[in-house]
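Here's the structure we're looking at; comments come further down.
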Amino acid sequence: MRKFVDLHLRPSINNLSQVEKMLKRSSDLGYGSVAMPLPPNIPREKLYRLKNICENVGVDLVTRIDFVPKTSTELLRNLRRFRRKFEITSVTCNSKGVARQAAKDRRVDLLAFSTGFPRKRFFDNAEAKLASRAEGALEIDMTALLFLYGFPRIRFLSSLRKEVAIAEKFKVPIVISSGATDASLLRGPYDYSALATLFELPIPLALRGLSENPLNIVERNRKKLSSGYVAPGLFVVRDVKHCLDV
Amino acid sequence: MRKRYLALKVESEMPLGERDFIRTIWNSILQLFGEYGASQTNLYLIEFNPEDGYAILRCSHKVVDMVRAAIATITEINEKPVAIHVKRVSGTLKSLRKKISGRK
């Protein structure tokens, strides 16, 4: 059976009852893992409390940081400071310079773009080529599809259709997230996959964007953050002390 | 023509009327797929239980994803927040009832 992942749940972290409500709803809808964007300097106690809530609800918590940098220098500075503190790094690209830097940087897992302004969506062929080399993924937040209405939704669907075609051409993984700020905006994975057909993402690929693609990112990053990791493909299996004992 | 039966869970703070419920679904389908798309759905409300928040819809098997997408985009009915989730899809009403009886 597939394990579904929602990499973008956005409750207010300070409102723990809302966090619990949303996590419960996610669990009921069939998600096994959930990522929440956390502030860069989140106190440890708060993180433990969030992890406790997740354990009680039966959902695996994935820590995530969202960067919305104005320049590529700011992005690089933020990545240097916070990358190893969180399991997932997402960059909302509001300028072309930031988008290109984020796409070619291996530390960036998810590329997100503005939903309200189609001209600020910089996911073109060049961007996809860079993202494909750096193993970055395109993140699509589905909440915008629920609250946009009329012409803005038409424009949004049109942008998504183009981006999905480009992502498929350059084999950039697509990650479908809820982006929900409230429990009433959450939908089940099969409902999201049905919604994804609106921008011509076939259902099997949409389901992959809700399970395998995000899971691969989480597993890859957890390996990277583990103590035994040295470089891609290189892990410490046993330390020197242990070898001498043997 | 083959049909599909959809079991829906309606989450709303206020009890909803059957007419408002089906009208909202039709409006959502019309908005997303237009009159041509709506004409292909053969949508019919079989059962609506406002107390439990359960409903059963019937549609053509070719347009299940269309109907599902339209239902997912519903966020309010009569300006009150609502979420509608498709719980199960089945080819016969009997098997759908059997599947959801254990989940209620």
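Chain labels run A, B, ... following the order of the structure tokens; each chain numbers its residues from 1, and ligands are numbered from 1 in the order shown.
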
Could you give me the residues within chain B that DSSP places in helix (DSSP H, G or I), as a short mmCIF file (atom, residue, chain, number, x, y, z; two decimals) with C-alpha atoms, in the first residue's frame?
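Saved result, part.cif, follows:
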data_model
loop_
_atom_site.label_atom_id
_atom_site.label_comp_id
_atom_site.auth_asym_id
_atom_site.auth_seq_id
_atom_site.Cartn_x
_atom_site.Cartn_y
_atom_site.Cartn_z
CA GLU B 18 -30.10 18.60 0.30
CA ARG B 19 -30.93 21.22 -2.35
CA ASP B 20 -28.04 23.50 -1.40
CA PHE B 21 -25.70 20.53 -1.39
CA ILE B 22 -26.49 19.24 -4.88
CA ARG B 23 -26.75 22.76 -6.30
CA THR B 24 -23.23 23.53 -5.05
CA ILE B 25 -21.87 20.37 -6.66
CA TRP B 26 -23.55 21.21 -9.98
CA ASN B 27 -22.24 24.80 -9.82
CA SER B 28 -18.73 23.56 -9.17
CA ILE B 29 -18.90 21.17 -12.15
CA LEU B 30 -20.30 23.95 -14.34
CA GLN B 31 -17.53 26.32 -13.28
CA LEU B 32 -14.73 23.86 -13.94
CA PHE B 33 -15.97 21.99 -17.00
CA GLY B 34 -18.77 24.08 -18.48
CA GLU B 35 -22.16 22.95 -19.71
CA TYR B 36 -20.68 20.41 -22.13
CA GLY B 37 -18.69 18.74 -19.31
CA ALA B 38 -21.63 18.87 -16.92
CA SER B 39 -23.85 17.16 -19.49
CA GLN B 40 -21.48 14.16 -19.55
CA THR B 41 -21.63 13.51 -15.82
CA HIS B 61 -17.86 5.92 -14.94
CA LYS B 62 -15.97 7.98 -17.52
CA VAL B 63 -16.18 11.19 -15.55
CA VAL B 64 -15.39 10.05 -11.99
CA ASP B 65 -12.21 12.13 -11.90
CA MET B 66 -14.04 15.19 -13.21
CA VAL B 67 -16.70 14.88 -10.53
CA ARG B 68 -14.06 14.20 -7.90
CA ALA B 69 -12.08 17.29 -8.91
CA ALA B 70 -15.21 19.44 -8.88
CA ILE B 71 -16.18 18.16 -5.44
CA ALA B 72 -12.66 18.81 -4.11
CA LEU B 93 -24.64 0.63 -4.68
CA LYS B 94 -24.69 -2.64 -2.75
CA SER B 95 -20.91 -2.97 -2.61
CA LEU B 96 -20.51 0.72 -1.78
CA ARG B 97 -22.88 0.36 1.17
CA LYS B 98 -20.99 -2.74 2.29
CA LYS B 99 -17.64 -0.91 2.06
CA ILE B 100 -18.74 2.19 3.95
CA SER B 101 -20.81 0.43 6.61
#

Name the residues of chain B that come out as strand (DSSP E or B) in a backbone DSSP run; write them as a PyMOL selection string.
chain B and resi 3-12+44-49+54-60+76-77+80-90

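Atom CA of A:Arg84 is positioned 24.3 Å from atom CA of A:Val19.
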
Can you pull out every residue within 12 Å of A:Pro204, counting only C-alpha atoms, but drop anything in the same chain fewer than 3 positions away, and send it as a list in words?
Arg2, Ile174, Pro189, Tyr190, Tyr192, Ser193, Ala194, Ala196, Thr197, Glu200, Leu201, Leu207, Arg208, Gly209, Leu210, Ser211, Glu212 and Asn213 of chain A

Taking 2 positions as the minimum chain separation for residues in the same chain, which residues sit within 9 Å of A:Leu38 when counting only C-alpha atoms? Answer as a list in words.
Ile13, Met36, Pro40, Asn41, Ile42, Leu47, Thr63, Arg64, Ile65, Asp66 and Phe86 of chain A

So how far away is atom CA of A:Leu29 from atom CA of B:Pro50, in Å?
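Interatomic distance here is 20.5 Å.
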
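Note that the spacing between atom CA of A:Val68 and atom CA of A:Cys93 amounts to 6.7 Å.
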
Just need the residues of chain A within 8 Å of chain B, counting only C-alpha atoms, so spit them out as a list in words.
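The answer, sorted by residue number, is Leu145, Leu146, Phe147, Gly150, Ser184, Leu185, Leu186, Arg187, Gly188, Asp191, Tyr192, Ala194, Leu195, Thr197 and Leu198 of chain A.
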
Could you name the residues that touch B:Lys3 at 8 Å or less, counting only C-alpha atoms, but leaving out those on the same chain fewer than 5 positions away, as a ChimeraX atom specification?
/B:58-61,91-92

Please save N, CA and C atoms of the selected residues as a PDB file, in the first residue's frame.
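Final file, part.pdb:
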ATOM      1  N   ARG B  58     -24.298   9.372  -7.771  1.00  0.00           N
ATOM      2  CA  ARG B  58     -24.075   8.465  -8.903  1.00  0.00           C
ATOM      3  C   ARG B  58     -23.617   9.296 -10.097  1.00  0.00           C
ATOM      4  N   CYS B  59     -22.651   8.780 -10.848  1.00  0.00           N
ATOM      5  CA  CYS B  59     -22.236   9.483 -12.070  1.00  0.00           C
ATOM      6  C   CYS B  59     -21.766   8.462 -13.101  1.00  0.00           C
ATOM      7  N   SER B  60     -21.508   8.948 -14.281  1.00  0.00           N
ATOM      8  CA  SER B  60     -21.013   8.062 -15.336  1.00  0.00           C
ATOM      9  C   SER B  60     -19.576   7.649 -15.009  1.00  0.00           C
ATOM     10  N   HIS B  61     -19.188   6.402 -15.358  1.00  0.00           N
ATOM     11  CA  HIS B  61     -17.860   5.916 -14.938  1.00  0.00           C
ATOM     12  C   HIS B  61     -16.725   6.663 -15.621  1.00  0.00           C
ATOM     13  N   GLY B  91     -18.687   0.344  -8.066  1.00  0.00           N
ATOM     14  CA  GLY B  91     -19.477   0.118  -9.281  1.00  0.00           C
ATOM     15  C   GLY B  91     -20.929  -0.185  -8.989  1.00  0.00           C
ATOM     16  N   THR B  92     -21.219  -0.656  -7.784  1.00  0.00           N
ATOM     17  CA  THR B  92     -22.614  -0.940  -7.427  1.00  0.00           C
ATOM     18  C   THR B  92     -22.937  -0.320  -6.068  1.00  0.00           C
TER      19      THR B  92
END

Within 10 Å of A:Phe123 using only C-alpha atoms, minus same-chain residues under 2 positions, as a ChimeraX atom specification
/A:93,96,99-100,103,111-113,120-121,125-129,131,138,159-160,162-164,166-167

With N, CA and C atoms retained, export the selected residues as an mmCIF file, in the first residue's frame.
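New file result-v3.cif:
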data_model
loop_
_atom_site.group_PDB
_atom_site.id
_atom_site.type_symbol
_atom_site.label_atom_id
_atom_site.label_comp_id
_atom_site.auth_asym_id
_atom_site.auth_seq_id
_atom_site.Cartn_x
_atom_site.Cartn_y
_atom_site.Cartn_z
ATOM 1 N N CYS A 93 10.598 31.148 -5.261
ATOM 2 C CA CYS A 93 11.396 31.971 -6.177
ATOM 3 C C CYS A 93 10.561 33.143 -6.674
ATOM 4 N N LYS A 96 14.011 35.852 -11.098
ATOM 5 C CA LYS A 96 14.659 34.870 -11.971
ATOM 6 C C LYS A 96 16.018 34.453 -11.409
ATOM 7 N N ALA A 99 15.549 32.032 -8.704
ATOM 8 C CA ALA A 99 15.056 30.769 -9.267
ATOM 9 C C ALA A 99 16.209 29.961 -9.863
ATOM 10 N N ARG A 100 17.076 30.622 -10.601
ATOM 11 C CA ARG A 100 18.204 29.907 -11.224
ATOM 12 C C ARG A 100 19.171 29.377 -10.160
ATOM 13 N N ALA A 103 17.609 26.439 -8.416
ATOM 14 C CA ALA A 103 17.523 25.244 -9.262
ATOM 15 C C ALA A 103 18.852 24.523 -9.368
ATOM 16 N N LEU A 111 11.331 23.555 -5.357
ATOM 17 C CA LEU A 111 11.221 24.875 -5.967
ATOM 18 C C LEU A 111 9.747 25.258 -5.979
ATOM 19 N N ALA A 112 9.440 26.357 -5.328
ATOM 20 C CA ALA A 112 8.035 26.805 -5.295
ATOM 21 C C ALA A 112 7.949 28.172 -5.950
ATOM 22 N N PHE A 113 6.797 28.441 -6.547
ATOM 23 C CA PHE A 113 6.605 29.715 -7.243
ATOM 24 C C PHE A 113 5.315 30.369 -6.775
ATOM 25 N N LYS A 120 5.456 35.631 -12.281
ATOM 26 C CA LYS A 120 6.519 35.329 -11.327
ATOM 27 C C LYS A 120 6.788 33.834 -11.242
ATOM 28 N N ARG A 121 6.264 33.087 -12.195
ATOM 29 C CA ARG A 121 6.555 31.647 -12.223
ATOM 30 C C ARG A 121 7.656 31.442 -13.255
ATOM 31 N N ASN A 125 12.305 26.041 -19.508
ATOM 32 C CA ASN A 125 13.208 24.952 -19.908
ATOM 33 C C ASN A 125 14.561 25.024 -19.192
ATOM 34 N N ALA A 126 15.144 26.241 -19.122
ATOM 35 C CA ALA A 126 16.470 26.405 -18.512
ATOM 36 C C ALA A 126 16.421 26.037 -17.028
ATOM 37 N N GLU A 127 15.358 26.474 -16.380
ATOM 38 C CA GLU A 127 15.183 26.196 -14.946
ATOM 39 C C GLU A 127 15.054 24.676 -14.718
ATOM 40 N N ALA A 128 14.257 24.041 -15.574
ATOM 41 C CA ALA A 128 14.021 22.601 -15.435
ATOM 42 C C ALA A 128 15.317 21.820 -15.662
ATOM 43 N N LYS A 129 16.129 22.274 -16.625
ATOM 44 C CA LYS A 129 17.399 21.602 -16.925
ATOM 45 C C LYS A 129 18.311 21.646 -15.694
ATOM 46 N N ALA A 131 17.379 22.178 -12.535
ATOM 47 C CA ALA A 131 16.752 21.435 -11.432
ATOM 48 C C ALA A 131 16.941 19.935 -11.610
ATOM 49 N N LEU A 138 9.840 20.175 -8.393
ATOM 50 C CA LEU A 138 8.882 21.273 -8.527
ATOM 51 C C LEU A 138 7.731 21.022 -7.555
ATOM 52 N N SER A 159 -0.685 28.104 -16.362
ATOM 53 C CA SER A 159 0.748 28.086 -15.984
ATOM 54 C C SER A 159 1.153 26.690 -15.540
ATOM 55 N N LEU A 160 0.303 26.065 -14.717
ATOM 56 C CA LEU A 160 0.637 24.728 -14.210
ATOM 57 C C LEU A 160 0.762 23.714 -15.347
ATOM 58 N N LYS A 162 1.694 24.238 -18.408
ATOM 59 C CA LYS A 162 2.984 24.419 -19.089
ATOM 60 C C LYS A 162 4.128 23.858 -18.237
ATOM 61 N N GLU A 163 4.081 24.135 -16.936
ATOM 62 C CA GLU A 163 5.167 23.700 -16.051
ATOM 63 C C GLU A 163 5.231 22.179 -15.945
ATOM 64 N N VAL A 164 4.060 21.558 -15.890
ATOM 65 C CA VAL A 164 4.032 20.089 -15.792
ATOM 66 C C VAL A 164 4.632 19.477 -17.056
ATOM 67 N N ILE A 166 6.877 20.832 -19.026
ATOM 68 C CA ILE A 166 8.331 21.061 -18.988
ATOM 69 C C ILE A 166 8.996 20.095 -18.001
ATOM 70 N N ALA A 167 8.371 19.926 -16.819
ATOM 71 C CA ALA A 167 8.938 19.025 -15.806
ATOM 72 C C ALA A 167 9.017 17.599 -16.332
#

Let me make sure I understand: among B:Leu6, B:Leu16, B:Ile77, B:Met1, which one has the smallest atom-to-atom distance to B:Asp52 if we use only C-alpha atoms?
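Closest residue, counting only C-alpha atoms: B:Leu16.
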